[in-house]
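For reference, input.cif (mmCIF, C-alpha atoms):
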```cif
data_upload
loop_
_atom_site.group_PDB
_atom_site.id
_atom_site.type_symbol
_atom_site.label_atom_id
_atom_site.label_comp_id
_atom_site.auth_asym_id
_atom_site.auth_seq_id
_atom_site.Cartn_x
_atom_site.Cartn_y
_atom_site.Cartn_z
ATOM 1 C CA GLY A 11 -3.058 233.112 -11.632
ATOM 2 C CA LEU A 12 -2.807 229.643 -10.261
ATOM 3 C CA ASP A 13 -0.443 228.725 -7.474
ATOM 4 C CA SER A 14 2.890 227.700 -9.055
ATOM 5 C CA ARG A 15 2.617 224.371 -7.242
ATOM 6 C CA THR A 16 -0.388 223.502 -9.433
ATOM 7 C CA GLU A 17 1.678 223.700 -12.604
ATOM 8 C CA GLU A 18 4.591 221.854 -10.987
ATOM 9 C CA LEU A 19 2.301 219.060 -9.783
ATOM 10 C CA ILE A 20 0.697 218.768 -13.228
ATOM 11 C CA LEU A 21 4.164 218.427 -14.785
ATOM 12 C CA LEU A 22 5.229 215.791 -12.251
ATOM 13 C CA VAL A 23 2.066 213.738 -12.783
ATOM 14 C CA ARG A 24 2.408 214.083 -16.553
ATOM 15 C CA ARG A 25 6.011 212.799 -16.378
ATOM 16 C CA TRP A 26 4.990 209.922 -14.089
ATOM 17 C CA THR A 27 2.144 208.849 -16.418
ATOM 18 C CA ARG A 28 4.495 208.823 -19.418
ATOM 19 C CA ASP A 29 7.255 206.953 -17.610
ATOM 20 C CA ARG A 30 4.836 204.372 -16.243
ATOM 21 C CA GLY A 31 3.077 203.806 -19.582
ATOM 22 C CA ILE A 32 -0.391 205.108 -18.686
ATOM 23 C CA ALA A 33 -0.427 208.327 -20.719
ATOM 24 C CA HIS A 34 -1.333 206.962 -24.121
ATOM 25 C CA ALA A 35 -4.935 207.851 -25.018
ATOM 26 C CA SER A 36 -4.577 205.890 -28.263
ATOM 27 C CA GLN A 37 -4.074 202.771 -26.125
ATOM 28 C CA GLY A 38 -7.179 203.377 -24.004
ATOM 29 C CA HIS A 39 -5.651 205.526 -21.236
ATOM 30 C CA PHE A 40 -6.641 209.018 -20.090
ATOM 31 C CA THR A 41 -5.684 212.006 -22.227
ATOM 32 C CA THR A 42 -3.223 214.591 -20.924
ATOM 33 C CA TYR A 43 -6.183 216.946 -20.476
ATOM 34 C CA ALA A 44 -7.972 214.386 -18.281
ATOM 35 C CA TRP A 45 -4.826 213.916 -16.158
ATOM 36 C CA ASN A 46 -4.575 217.704 -15.739
ATOM 37 C CA LEU A 47 -8.174 217.771 -14.513
ATOM 38 C CA LEU A 48 -7.412 214.922 -12.073
ATOM 39 C CA VAL A 49 -4.609 217.039 -10.581
ATOM 40 C CA VAL A 50 -6.757 220.176 -10.334
ATOM 41 C CA PHE A 51 -9.618 218.204 -8.775
ATOM 42 C CA PHE A 52 -7.248 216.674 -6.222
ATOM 43 C CA LEU A 53 -6.155 220.189 -5.231
ATOM 44 C CA GLN A 54 -9.821 221.188 -4.900
ATOM 45 C CA ALA A 55 -11.273 218.169 -3.122
ATOM 46 C CA GLY A 56 -8.554 215.720 -2.154
ATOM 47 C CA GLN A 57 -6.937 217.339 0.828
ATOM 48 C CA GLU A 58 -8.097 216.861 4.389
ATOM 49 C CA ASN A 59 -7.211 220.360 5.562
ATOM 50 C CA GLY A 60 -9.100 222.282 2.899
ATOM 51 C CA ARG A 61 -8.815 223.116 -0.749
ATOM 52 C CA SER A 62 -5.855 224.656 -2.524
ATOM 53 C CA LEU A 63 -7.926 225.711 -5.553
ATOM 54 C CA PRO A 64 -11.474 227.034 -5.923
ATOM 55 C CA PRO A 65 -14.102 225.521 -8.228
ATOM 56 C CA ILE A 66 -13.488 226.605 -11.815
ATOM 57 C CA THR A 67 -16.378 228.452 -13.411
ATOM 58 C CA VAL A 68 -16.072 228.434 -17.192
ATOM 59 C CA GLY A 69 -17.258 231.618 -18.840
ATOM 60 C CA ALA A 70 -17.300 233.656 -15.645
ATOM 61 C CA ASP A 71 -15.399 236.932 -15.672
ATOM 62 C CA GLU A 72 -14.167 236.352 -12.146
ATOM 63 C CA VAL A 73 -13.604 233.322 -9.983
ATOM 64 C CA ALA A 74 -15.901 233.415 -6.974
ATOM 65 C CA GLU A 75 -14.126 234.009 -3.709
ATOM 66 C CA GLN A 76 -13.769 230.661 -1.983
ATOM 67 C CA PRO A 77 -11.901 229.813 1.202
ATOM 68 C CA ILE A 78 -8.516 228.517 0.071
ATOM 69 C CA ASP A 79 -6.013 226.738 2.278
ATOM 70 C CA GLN A 80 -2.954 228.955 2.446
ATOM 71 C CA SER A 81 -1.773 227.640 5.784
ATOM 72 C CA GLY A 82 1.295 225.491 5.904
ATOM 73 C CA GLN A 83 1.821 225.642 2.130
ATOM 74 C CA LYS A 84 2.590 221.999 1.389
ATOM 75 C CA SER A 85 5.545 221.298 -0.851
ATOM 76 C CA VAL A 86 4.996 219.889 -4.320
ATOM 77 C CA ALA A 87 6.635 216.658 -3.105
ATOM 78 C CA VAL A 88 4.038 216.285 -0.332
ATOM 79 C CA LEU A 89 1.200 217.102 -2.738
ATOM 80 C CA PHE A 90 2.573 214.511 -5.199
ATOM 81 C CA GLN A 91 2.454 211.823 -2.490
ATOM 82 C CA GLU A 92 -1.030 212.894 -1.408
ATOM 83 C CA PHE A 93 -2.230 212.791 -5.043
ATOM 84 C CA PHE A 94 -1.401 209.073 -5.183
ATOM 85 C CA ALA A 95 -2.955 208.361 -1.779
ATOM 86 C CA PHE A 96 -6.147 210.193 -2.758
ATOM 87 C CA TYR A 97 -6.725 208.326 -6.017
ATOM 88 C CA ALA A 98 -5.389 204.963 -4.782
ATOM 89 C CA ARG A 99 -7.180 204.810 -1.421
ATOM 90 C CA HIS A 100 -9.842 207.478 -0.982
ATOM 91 C CA PHE A 101 -11.490 208.314 -4.296
ATOM 92 C CA ASP A 102 -13.737 205.769 -6.024
ATOM 93 C CA LEU A 103 -13.191 206.232 -9.757
ATOM 94 C CA GLN A 104 -16.295 204.207 -10.569
ATOM 95 C CA GLN A 105 -18.746 205.858 -8.176
ATOM 96 C CA GLU A 106 -17.558 209.471 -7.913
ATOM 97 C CA ALA A 107 -17.102 212.150 -10.560
ATOM 98 C CA VAL A 108 -14.112 214.387 -11.125
ATOM 99 C CA SER A 109 -15.625 217.848 -11.583
ATOM 100 C CA VAL A 110 -13.362 220.894 -11.409
ATOM 101 C CA ARG A 111 -16.507 222.951 -12.043
ATOM 102 C CA LEU A 112 -17.951 221.863 -8.690
ATOM 103 C CA GLY A 113 -14.627 221.328 -6.957
ATOM 104 C CA CYS A 114 -16.037 218.825 -4.486
ATOM 105 C CA ARG A 115 -16.644 215.101 -4.306
ATOM 106 C CA GLY A 116 -19.945 213.640 -5.428
ATOM 107 C CA PRO A 117 -21.663 211.267 -7.832
ATOM 108 C CA PRO A 118 -21.646 211.870 -11.591
ATOM 109 C CA LEU A 119 -24.582 213.353 -13.463
ATOM 110 C CA ALA A 120 -26.818 210.644 -14.952
ATOM 111 C CA GLU A 121 -25.990 211.739 -18.508
ATOM 112 C CA GLN A 122 -22.233 211.388 -17.819
ATOM 113 C CA ILE A 123 -22.445 207.719 -16.884
ATOM 114 C CA LEU A 124 -21.454 205.173 -19.483
ATOM 115 C CA ASP A 125 -21.927 201.590 -18.392
ATOM 116 C CA SER A 126 -19.113 199.354 -19.556
ATOM 117 C CA SER A 127 -20.240 196.272 -17.641
ATOM 118 C CA GLU A 128 -19.842 194.237 -20.811
ATOM 119 C CA GLN A 129 -16.105 194.686 -20.202
ATOM 120 C CA GLY A 130 -16.491 193.322 -16.683
ATOM 121 C CA GLU A 131 -15.416 196.563 -15.047
ATOM 122 C CA GLY A 132 -18.724 198.290 -14.294
ATOM 123 C CA ARG A 133 -18.713 202.035 -14.952
ATOM 124 C CA VAL A 134 -15.920 203.908 -16.620
ATOM 125 C CA PRO A 135 -14.486 206.823 -14.638
ATOM 126 C CA VAL A 136 -16.332 210.121 -14.996
ATOM 127 C CA ILE A 137 -14.087 213.103 -15.613
ATOM 128 C CA GLU A 138 -16.296 216.051 -16.458
ATOM 129 C CA ASP A 139 -15.117 218.430 -19.170
ATOM 130 C CA PRO A 140 -15.730 221.865 -17.593
ATOM 131 C CA PHE A 141 -16.429 223.332 -21.048
ATOM 132 C CA GLU A 142 -19.073 220.708 -21.889
ATOM 133 C CA ILE A 143 -20.391 219.205 -18.651
ATOM 134 C CA THR A 144 -22.184 216.229 -20.200
ATOM 135 C CA ARG A 145 -18.943 215.143 -21.917
ATOM 136 C CA ASN A 146 -17.139 212.431 -19.970
ATOM 137 C CA LEU A 147 -13.396 212.427 -20.655
ATOM 138 C CA GLY A 148 -13.133 208.975 -19.076
ATOM 139 C CA ASN A 149 -15.471 207.217 -21.493
ATOM 140 C CA ARG A 150 -12.698 206.003 -23.807
ATOM 141 C CA VAL A 151 -10.737 204.243 -21.082
ATOM 142 C CA THR A 152 -10.482 200.525 -21.754
ATOM 143 C CA SER A 153 -10.755 197.800 -19.147
ATOM 144 C CA PRO A 154 -7.034 196.867 -19.412
ATOM 145 C CA ALA A 155 -6.062 200.553 -19.147
ATOM 146 C CA LEU A 156 -8.263 200.976 -16.060
ATOM 147 C CA SER A 157 -6.604 197.941 -14.468
ATOM 148 C CA ARG A 158 -3.152 199.374 -15.245
ATOM 149 C CA LEU A 159 -4.208 202.727 -13.820
ATOM 150 C CA ARG A 160 -5.246 201.101 -10.544
ATOM 151 C CA GLU A 161 -2.007 199.084 -10.411
ATOM 152 C CA GLU A 162 0.122 202.164 -11.013
ATOM 153 C CA LEU A 163 -1.717 204.320 -8.477
ATOM 154 C CA ALA A 164 -1.398 201.572 -5.851
ATOM 155 C CA ARG A 165 2.293 201.074 -6.694
ATOM 156 C CA ALA A 166 3.032 204.799 -6.452
ATOM 157 C CA ASP A 167 1.081 205.143 -3.207
ATOM 158 C CA GLU A 168 2.920 202.192 -1.689
ATOM 159 C CA LEU A 169 6.335 203.479 -2.820
ATOM 160 C CA CYS A 170 5.597 206.967 -1.485
ATOM 161 C CA SER A 171 4.456 205.595 1.868
ATOM 162 C CA ARG A 172 7.818 203.800 2.121
ATOM 163 C CA GLY A 173 9.687 207.008 1.322
ATOM 164 C CA THR A 174 11.252 205.587 -1.825
ATOM 165 C CA SER A 175 13.337 207.652 -4.249
ATOM 166 C CA LEU A 176 11.952 209.471 -7.250
ATOM 167 C CA LYS A 177 14.203 207.290 -9.379
ATOM 168 C CA GLU A 178 12.239 204.204 -8.332
ATOM 169 C CA LEU A 179 8.888 205.973 -8.558
ATOM 170 C CA PHE A 180 9.642 207.133 -12.108
ATOM 171 C CA GLU A 181 11.211 203.843 -13.198
ATOM 172 C CA LEU A 182 10.281 203.249 -16.832
ATOM 173 C CA TRP A 183 7.533 200.693 -17.220
ATOM 174 C CA ALA A 184 8.008 197.889 -19.695
ATOM 175 C CA PRO A 185 5.245 195.509 -20.680
ATOM 176 C CA PRO A 186 5.688 191.952 -19.432
ATOM 177 C CA SER A 187 7.766 189.960 -21.886
ATOM 178 C CA VAL A 188 5.975 187.345 -23.897
ATOM 179 C CA GLU A 189 7.744 184.035 -24.309
ATOM 180 C CA HIS A 190 7.663 182.396 -27.694
ATOM 181 C CA LYS A 191 6.764 178.744 -28.110
ATOM 182 C CA ASP A 192 10.388 177.886 -28.858
ATOM 183 C CA GLY A 193 11.449 179.346 -25.486
ATOM 184 C CA LYS A 194 13.132 182.479 -26.877
#
```

As C-alpha cells - that is how I would like this structure written.
Amino acid sequence: GLDSRTEELILLVRRWTRDRGIAHASQGHFTTYAWNLLVVFFLQAGQENGRSLPPITVGADEVAEQPIDQSGQKSVAVLFQEFFAFYARHFDLQQEAVSVRLGCRGPPLAEQILDSSEQGEGRVPVIEDPFEITRNLGNRVTSPALSRLREELARADELCSRGTSLKELFELWAPPSVEHKDGK
C-alpha cells in the first residue's frame, strides 16, 4: 500500500482547497481527483532528495521497483509546506505536465495541450489522467480559477515560509465584497 503520509497529505490539501475556495469544479477549479493527482505527482517529482512514490502504471499487476526515498521520513507537515513551495515556485503549470504515470517532470504530450489564449492565460494546466493519458483533467479550469489558484499557492507558500499557524493557513476564504451603488 501507499505510505500513510500520502493519504494524510491528500486529506490536508483537500481541506485547504475547500477552505480557500478553490475546490469547486463547477466554478472552473480543479476536481478533487485532479488535486489528488497533484499531491501524488509532488511526492513523485517535487522533492529535491528523491521520490517518495514510484510512477503509477495502470493495468500492471505489480509496480516496478523504483528507488524510493525512505531516508529521513519527512513529516506530513514538512511535506505540506514543500507541496506549496513546489507548485508556487518551482513547477510551471503552463509548460509542464502532471503525470503520475511517468512520475517525473516534463512537457505535456501534444494531444494533451489545449490552448486557451483567447482567455489571455495561454495554456491550461495539463494533469494527465493515468487511466486515459490523452485526457487532460486541467482543461476545464477557467482563467479566473487559474488566477485564484496561483494566488492561493503563493499565499500558502508565503505563510508556510513565515512559520504561520494552521489556523491562518486554513482561514476560510470569502469573495471580495461588492459595494452597491447606494453605498450599502

**Report entry** Picked residues, the PyMOL selection byres ((chain A and resi 143) around 12), expected as a PyMOL selection string
**Finding:** chain A and resi 67-68+107-112+118-123+136-142+144-147

Query raised in the report: From the list A:Gly38, A:Ser175, A:Ile20, A:Gly56, which residue is nearest Leu159 in chain A when using all atoms listed in the file?
Result: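 The answer is A:Gly38, which sits nearest to Leu159 in chain A.
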
Report task. Identify, on the basis of all atoms listed in the file, every residue whose closest approach to Arg99 in chain A does not exceed 10 Å; exclude the query and any residue fewer than 4 positions from it along the same chain; express the result as a list in words. Result -> Phe94, Ala95, Leu163, Ala164 and Asp167 of chain A

Query - CA of Ser36 in chain A to CA of Gly113 in chain A, distance in Å rounded to a single decimal - result: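 These two atoms are separated by 28.2 Å.
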
Query - Counting all atoms listed in the file, the option among A:Ser85, A:Ser14, A:Thr27, A:Gln91 closest to Ser171 in chain A - result: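 The closest residue to Ser171 in chain A is A:Gln91.
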
Query - Proximity to Glu161 in chain A - best of A:Gly148, A:Arg30, A:Gln105, A:Ala184, all atoms listed in the file - result: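 Ranked by minimum distance to Glu161 in chain A, first place goes to A:Arg30.
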
Write out as a PDB file with C-alpha atoms, keeping the file's coordinate frame each polymer residue whose atoms come within 12 Å of Lys177 in chain A, counting only C-alpha atoms; drop sequence neighbours fewer than 4 positions from it.
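part.pdb was written with the following content:
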```
ATOM      1  CA  TRP A  26       4.990 209.922 -14.089  1.00  0.00           C
ATOM      2  CA  ASP A  29       7.255 206.953 -17.610  1.00  0.00           C
ATOM      3  CA  ARG A  30       4.836 204.372 -16.243  1.00  0.00           C
ATOM      4  CA  ALA A 166       3.032 204.799  -6.452  1.00  0.00           C
ATOM      5  CA  LEU A 169       6.335 203.479  -2.820  1.00  0.00           C
ATOM      6  CA  CYS A 170       5.597 206.967  -1.485  1.00  0.00           C
ATOM      7  CA  GLY A 173       9.687 207.008   1.322  1.00  0.00           C
ATOM      8  CA  GLU A 181      11.211 203.843 -13.198  1.00  0.00           C
ATOM      9  CA  LEU A 182      10.281 203.249 -16.832  1.00  0.00           C
TER      10      LEU A 182
END
```

**Report entry** Distance of CA of Ala98 in chain A from CA of Thr152 in chain A, expressed in Å to one decimal place
**Finding:**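 Between CA of Thr152 in chain A and CA of Ala98 in chain A the gap works out to 18.3 Å.
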
Query - Atom pair CA of Phe40 in chain A / CA of Arg133 in chain A: separation (Å) - result: 14.9 Å

Report task. Tell me which residues the PyMOL selection byres ((chain A and resi 50) around 10) grabs here, as a list in words. Result ->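 Applied to this file, the PyMOL selection byres ((chain A and resi 50) around 10) returns Thr16, Glu17, Leu19, Ile20, Ala44, Trp45, Asn46, Leu47, Leu48, Val49, Phe51, Phe52, Leu53, Gln54, Ala55, Gly56, Ser62, Leu63, Pro64, Pro65, Ile66, Val108, Ser109, Val110 and Gly113 of chain A.
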
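Of the residues under consideration (A:Phe101, A:Tyr43, A:Phe93, A:Phe180), A:Phe101 shows the shortest atom-to-atom contact distance to Pro135 in chain A when counting all atoms listed in the file.
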